[in-house]
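Participant: Sharing a structure with you now.
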Amino acid sequence: MIDIQLIAQACVTRVKLGQSLKTVFPQELGKIESKADQAAVKNTVYGALRYLGYLEFALDQLVIKRPNGLVNLLLVGMYLIEFTRSADHAVVNASVSAAKQLGFKKLSGLVNGVLRNYLRQREDIRAVAAKDDEASLQHQAWWIDKLRYDHPDYAAEIFAASLKHPNLALRVNTRRISLEQYLKTLEQQQMGWWRPDNIVADAALILDEPVSVHKIPGFFDGLVSVQDVGAQTTASRLDLQPGLKVLDACSAPGGKACHILELEDVHLTALDKDPTRLLRVEENLSRLDLSATTQVADASNIHSWWDAEPYDRILLDVPCSASGVVRRHPDVKWLRREKDIDSFVRQQRALLISTWKVLAKGGKLLYTTCSIFPEENEKQVEWFLNEHLNAKIDSEYAAHNGHLIFPNNSHDGFFHALFDKI
Ligand SMILES: C[S@@+](CC[C@H](N)C(=O)[O-])C[C@H]1O[C@@H](n2cnc3c(N)ncnc32)[C@H](O)[C@@H]1O
């Protein structure tokens with residue numbers, strides 16, 4: 001417990017200093033040997049970040065001056081007390097020991113006092129917190145204002161969904177096994193599953209209990225991949241046909257690239273500008289026994305990688321604010337600054353401009369984000385159509401698909417727009 005709280009508070013501290021959990025976890029979890037303890041740290045950090053708005057607010061009700069160096073230990077302790085089944089006294093004792101280990105021997109009494117006061121006063125604190133936006137909706141003030149302005153009818157639902165534990169969704173590799181056969185395998189192993197009925201993803205299923213990939217039947221044999229159900233609706237929107245030349249311009253870690261190849265015999269080029277992330281694409285291709293040309297490249301600089309042969313289909317899954325996936329990545333809602341949106345918009349435009357040049361006439365480009373901010377979605381589409389007279393929104397697509405899907409309990413939020421080159 002002490003180690004878990006110590007490492008968890010270190011992770012929360014680093015996120016509050018601006019580092020992403022993608023960087024923090026590999027470094028911090030390496031300090032613990034036991035897989036179970038690693039999982040406990042992860043759950044604690046995800047949980048504390050999910051409810052950070054409330055926890056920060058509650059701490060301010062309990063102390064006049066925040067104790068330097070101990071704030072995040074207290075927040076983690078309060079999280080464990082308020083939102084988990086951990087025994088209160090065990091959390092308090094472990095927090096006191098952790099404070100000592102951090103070198104705050106003299107202040108360990110203060111840790112004990114603050115947490116005990118929280119236990120005594122929490123009903124009152126909850127009541128006051130319910131009237132405070134950041135404490136009750138668990139987002140930064142600018143984000144709350146923005147969602148209420150951008151999506152007035154859905155904001156409450158989006159905030160509620162962001163606090164849910166993300167599920168573990170699988171995509172069955174139908175080249176290797178049918179969905180029905182795979183479901184039988186799960187039943188034989190007594191693993192529960194369900195299929196979301198509110199979204200069309202043919203080979204998707206959700207496990208009742210999230211488990212590590214080592215426990216997913218057939219994962220290492222390439223029978224299934226882990227992929228959010230929302231993301232599983234992307235590849236089939238590309239109107240794939242055998243033999244087409246397809247570009248996945250921002251492909252890592254390769255979820256959608258592999259899905260494209262599972263669906264159709266196409267010639268796929270998978271780019272990513274991050275060499276380490278591109279290795280993940282290669283691992284996934286090899287695990288699933290699929291083949292593609294992979295290349296480390298900045299897709300917005302076509303002179304550095306394009307062989308002058310136009311593509312029939314392009315998937316442009318751009319870097320974005322990730323505002324649609326905060327239940328899966330709760331660090332995002334604290335790391336983002338409002339001004340970051342402009343920088344994503346600029347990157348997305350550069351990628352749209354360049355990849356449009358390598359698309360064949362009559363070809364299709366699918367632009368997609370995991371954002372729910374209009375600047376990265378509808379407004380980008382409007383800008384793109386204004387700037388490119390040879391682009392139109394695919395009519396088949398426009399008639400049958402909603403472009404923006406909000407996150408809910410069964411899938412993340414995402415946006416798609418399919419352009420035809422005329
Ligand atoms: C949203 S992720 C892609 C997820 C991927 N399509 C999947 O389904 O697994 C965006 C990716 O774009 C890459 N990226 C960002 N800017 C890029 C650029 N200019 N050229 C190529 N890749 C880029 C990032 O490294 C990141 O891996």
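By convention in this document, the chains of the structure tokens carry letters A, B, ... by their order, each chain's residues are numbered from 1, and ligands are numbered from 1 in the order they are shown.
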Given a cut-off of 10 Å, what residues near ligand 1 show up using only C-alpha atoms and all ligand atoms, put as number ranges by chain?
Facilitator: A: 227-228, 231-232, 234-235, 248-259, 270-278, 280-281, 284, 295-302, 315-322, 344, 347-348, 350-351, 354-355, 368-371
Participant: Select from segment 47-150 of chain A everything DSSP, run on the backbone, classes as alpha helix (DSSP H), then give the selection as a PyMOL selection string.
Facilitator: chain A and resi 47-50+52-62+71-83+88-101+108-129+133-137+141-150
Participant: May I have the selected residues written with C-alpha atoms, as a PDB file, in the first residue's frame?
Facilitator:
```
ATOM      1  CA  GLY A  47      -8.917   7.276 -10.522  1.00  0.00           C
ATOM      2  CA  ALA A  48      -7.211  10.213  -8.819  1.00  0.00           C
ATOM      3  CA  LEU A  49      -6.948  12.043 -12.153  1.00  0.00           C
ATOM      4  CA  ARG A  50     -10.552  11.273 -13.012  1.00  0.00           C
ATOM      5  CA  LEU A  52      -8.876  15.525  -9.446  1.00  0.00           C
ATOM      6  CA  GLY A  53     -11.306  18.466  -9.639  1.00  0.00           C
ATOM      7  CA  TYR A  54     -13.116  17.248  -6.530  1.00  0.00           C
ATOM      8  CA  LEU A  55      -9.964  16.203  -4.667  1.00  0.00           C
ATOM      9  CA  GLU A  56      -8.216  19.564  -5.152  1.00  0.00           C
ATOM     10  CA  PHE A  57     -11.368  21.348  -4.028  1.00  0.00           C
ATOM     11  CA  ALA A  58     -11.722  19.116  -0.956  1.00  0.00           C
ATOM     12  CA  LEU A  59      -8.100  19.669   0.052  1.00  0.00           C
ATOM     13  CA  ASP A  60      -8.615  23.415  -0.045  1.00  0.00           C
ATOM     14  CA  GLN A  61     -11.507  23.021   2.396  1.00  0.00           C
ATOM     15  CA  LEU A  62      -9.181  21.216   4.812  1.00  0.00           C
ATOM     16  CA  VAL A  71      -0.223  17.744  -1.697  1.00  0.00           C
ATOM     17  CA  ASN A  72      -0.427  14.857  -4.138  1.00  0.00           C
ATOM     18  CA  LEU A  73       0.084  12.251  -1.443  1.00  0.00           C
ATOM     19  CA  LEU A  74      -2.933  13.765   0.331  1.00  0.00           C
ATOM     20  CA  LEU A  75      -4.956  13.835  -2.891  1.00  0.00           C
ATOM     21  CA  VAL A  76      -4.174  10.172  -3.548  1.00  0.00           C
ATOM     22  CA  GLY A  77      -5.109   9.302   0.046  1.00  0.00           C
ATOM     23  CA  MET A  78      -8.405  11.165  -0.245  1.00  0.00           C
ATOM     24  CA  TYR A  79      -9.102   9.461  -3.557  1.00  0.00           C
ATOM     25  CA  LEU A  80      -8.582   6.008  -2.013  1.00  0.00           C
ATOM     26  CA  ILE A  81     -10.806   6.907   0.939  1.00  0.00           C
ATOM     27  CA  GLU A  82     -13.592   8.475  -1.087  1.00  0.00           C
ATOM     28  CA  PHE A  83     -13.742   6.419  -4.263  1.00  0.00           C
ATOM     29  CA  ASP A  88      -9.908   4.135   5.669  1.00  0.00           C
ATOM     30  CA  HIS A  89      -7.456   3.459   8.496  1.00  0.00           C
ATOM     31  CA  ALA A  90      -5.147   1.493   6.192  1.00  0.00           C
ATOM     32  CA  VAL A  91      -5.047   4.414   3.744  1.00  0.00           C
ATOM     33  CA  VAL A  92      -4.325   6.906   6.507  1.00  0.00           C
ATOM     34  CA  ASN A  93      -1.553   4.754   7.999  1.00  0.00           C
ATOM     35  CA  ALA A  94       0.041   4.111   4.622  1.00  0.00           C
ATOM     36  CA  SER A  95      -0.108   7.826   3.803  1.00  0.00           C
ATOM     37  CA  VAL A  96       1.659   8.692   7.057  1.00  0.00           C
ATOM     38  CA  SER A  97       4.384   6.106   6.363  1.00  0.00           C
ATOM     39  CA  ALA A  98       4.713   7.331   2.780  1.00  0.00           C
ATOM     40  CA  ALA A  99       5.154  10.926   4.032  1.00  0.00           C
ATOM     41  CA  LYS A 100       8.005   9.718   6.264  1.00  0.00           C
ATOM     42  CA  GLN A 101       9.579   7.886   3.330  1.00  0.00           C
ATOM     43  CA  SER A 108       3.589  13.130   8.946  1.00  0.00           C
ATOM     44  CA  GLY A 109       1.262  14.204  11.794  1.00  0.00           C
ATOM     45  CA  LEU A 110      -0.242  16.776   9.460  1.00  0.00           C
ATOM     46  CA  VAL A 111      -0.962  14.070   6.882  1.00  0.00           C
ATOM     47  CA  ASN A 112      -2.679  12.041   9.566  1.00  0.00           C
ATOM     48  CA  GLY A 113      -4.684  15.108  10.685  1.00  0.00           C
ATOM     49  CA  VAL A 114      -5.798  16.201   7.220  1.00  0.00           C
ATOM     50  CA  LEU A 115      -6.982  12.731   6.222  1.00  0.00           C
ATOM     51  CA  ARG A 116      -8.793  12.194   9.519  1.00  0.00           C
ATOM     52  CA  ASN A 117     -10.443  15.589   9.151  1.00  0.00           C
ATOM     53  CA  TYR A 118     -11.522  14.579   5.688  1.00  0.00           C
ATOM     54  CA  LEU A 119     -13.125  11.450   7.117  1.00  0.00           C
ATOM     55  CA  ARG A 120     -15.015  13.580   9.631  1.00  0.00           C
ATOM     56  CA  GLN A 121     -16.042  16.382   7.284  1.00  0.00           C
ATOM     57  CA  ARG A 122     -16.569  14.642   3.976  1.00  0.00           C
ATOM     58  CA  GLU A 123     -20.364  14.858   3.933  1.00  0.00           C
ATOM     59  CA  ASP A 124     -20.188  18.643   4.268  1.00  0.00           C
ATOM     60  CA  ILE A 125     -17.374  18.901   1.739  1.00  0.00           C
ATOM     61  CA  ARG A 126     -19.303  16.839  -0.792  1.00  0.00           C
ATOM     62  CA  ALA A 127     -22.290  19.148  -0.418  1.00  0.00           C
ATOM     63  CA  VAL A 128     -20.218  22.292  -1.072  1.00  0.00           C
ATOM     64  CA  ALA A 129     -18.327  20.614  -3.940  1.00  0.00           C
ATOM     65  CA  ASP A 133     -18.256  23.352 -11.490  1.00  0.00           C
ATOM     66  CA  GLU A 134     -14.641  22.181 -11.507  1.00  0.00           C
ATOM     67  CA  ALA A 135     -15.178  20.044  -8.407  1.00  0.00           C
ATOM     68  CA  SER A 136     -18.368  18.419  -9.636  1.00  0.00           C
ATOM     69  CA  LEU A 137     -17.636  18.102 -13.383  1.00  0.00           C
ATOM     70  CA  ALA A 141     -12.963  25.755 -16.199  1.00  0.00           C
ATOM     71  CA  TRP A 142     -12.188  26.642 -19.850  1.00  0.00           C
ATOM     72  CA  TRP A 143     -13.081  23.102 -20.962  1.00  0.00           C
ATOM     73  CA  ILE A 144     -16.376  23.198 -19.055  1.00  0.00           C
ATOM     74  CA  ASP A 145     -17.303  26.549 -20.622  1.00  0.00           C
ATOM     75  CA  LYS A 146     -16.273  25.337 -24.052  1.00  0.00           C
ATOM     76  CA  LEU A 147     -18.299  22.110 -23.985  1.00  0.00           C
ATOM     77  CA  ARG A 148     -21.343  23.947 -22.663  1.00  0.00           C
ATOM     78  CA  TYR A 149     -20.996  26.458 -25.488  1.00  0.00           C
ATOM     79  CA  ASP A 150     -20.133  23.966 -28.266  1.00  0.00           C
TER      80      ASP A 150
END
```
Participant: Between A:Asn68, A:Asn173, A:Gln181, A:Gln140, single out the one closest to Arg337 of chain A, counting only C-alpha atoms.
Facilitator: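 Residue with the minimum atom-to-atom distance to Arg337 of chain A: A:Gln140.
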Participant: From the set A:Ile206, A:Tyr51, A:Thr294, A:Phe414, which residue has the shortest atom-to-atom contact distance to Val226 of chain A, counting only C-alpha atoms?
Facilitator: A:Ile206
Participant: Could you give me, as a PyMOL selection string, each residue of segment 169-417 of chain A that DSSP assigns to strand (DSSP E) when run on this structure's backbone?
Facilitator: chain A and resi 169-172+193-194+204-207+224-226+245-248+267-272+293-296+311-317+359-369+391-393+404-405+414-417
Participant: What's the separation between atom CA of Val41 of chain A and atom CA of Gln19 of chain A, in Å to one decimal place?
Facilitator: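 Atom CA of Val41 of chain A sits 16.8 Å away from atom CA of Gln19 of chain A.
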Participant: Rounded to one decimal place, report the atom CA of Pro374 of chain A-atom CA of Arg171 of chain A distance in Å.
Facilitator: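 Straight-line distance from atom CA of Pro374 of chain A to atom CA of Arg171 of chain A works out to 28.5 Å.
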Participant: Which one of A:Leu244, A:Leu163, A:Ile7, A:Ala203 sits closest to Tyr182 of chain A if you count only C-alpha atoms?
Facilitator: A:Ala203
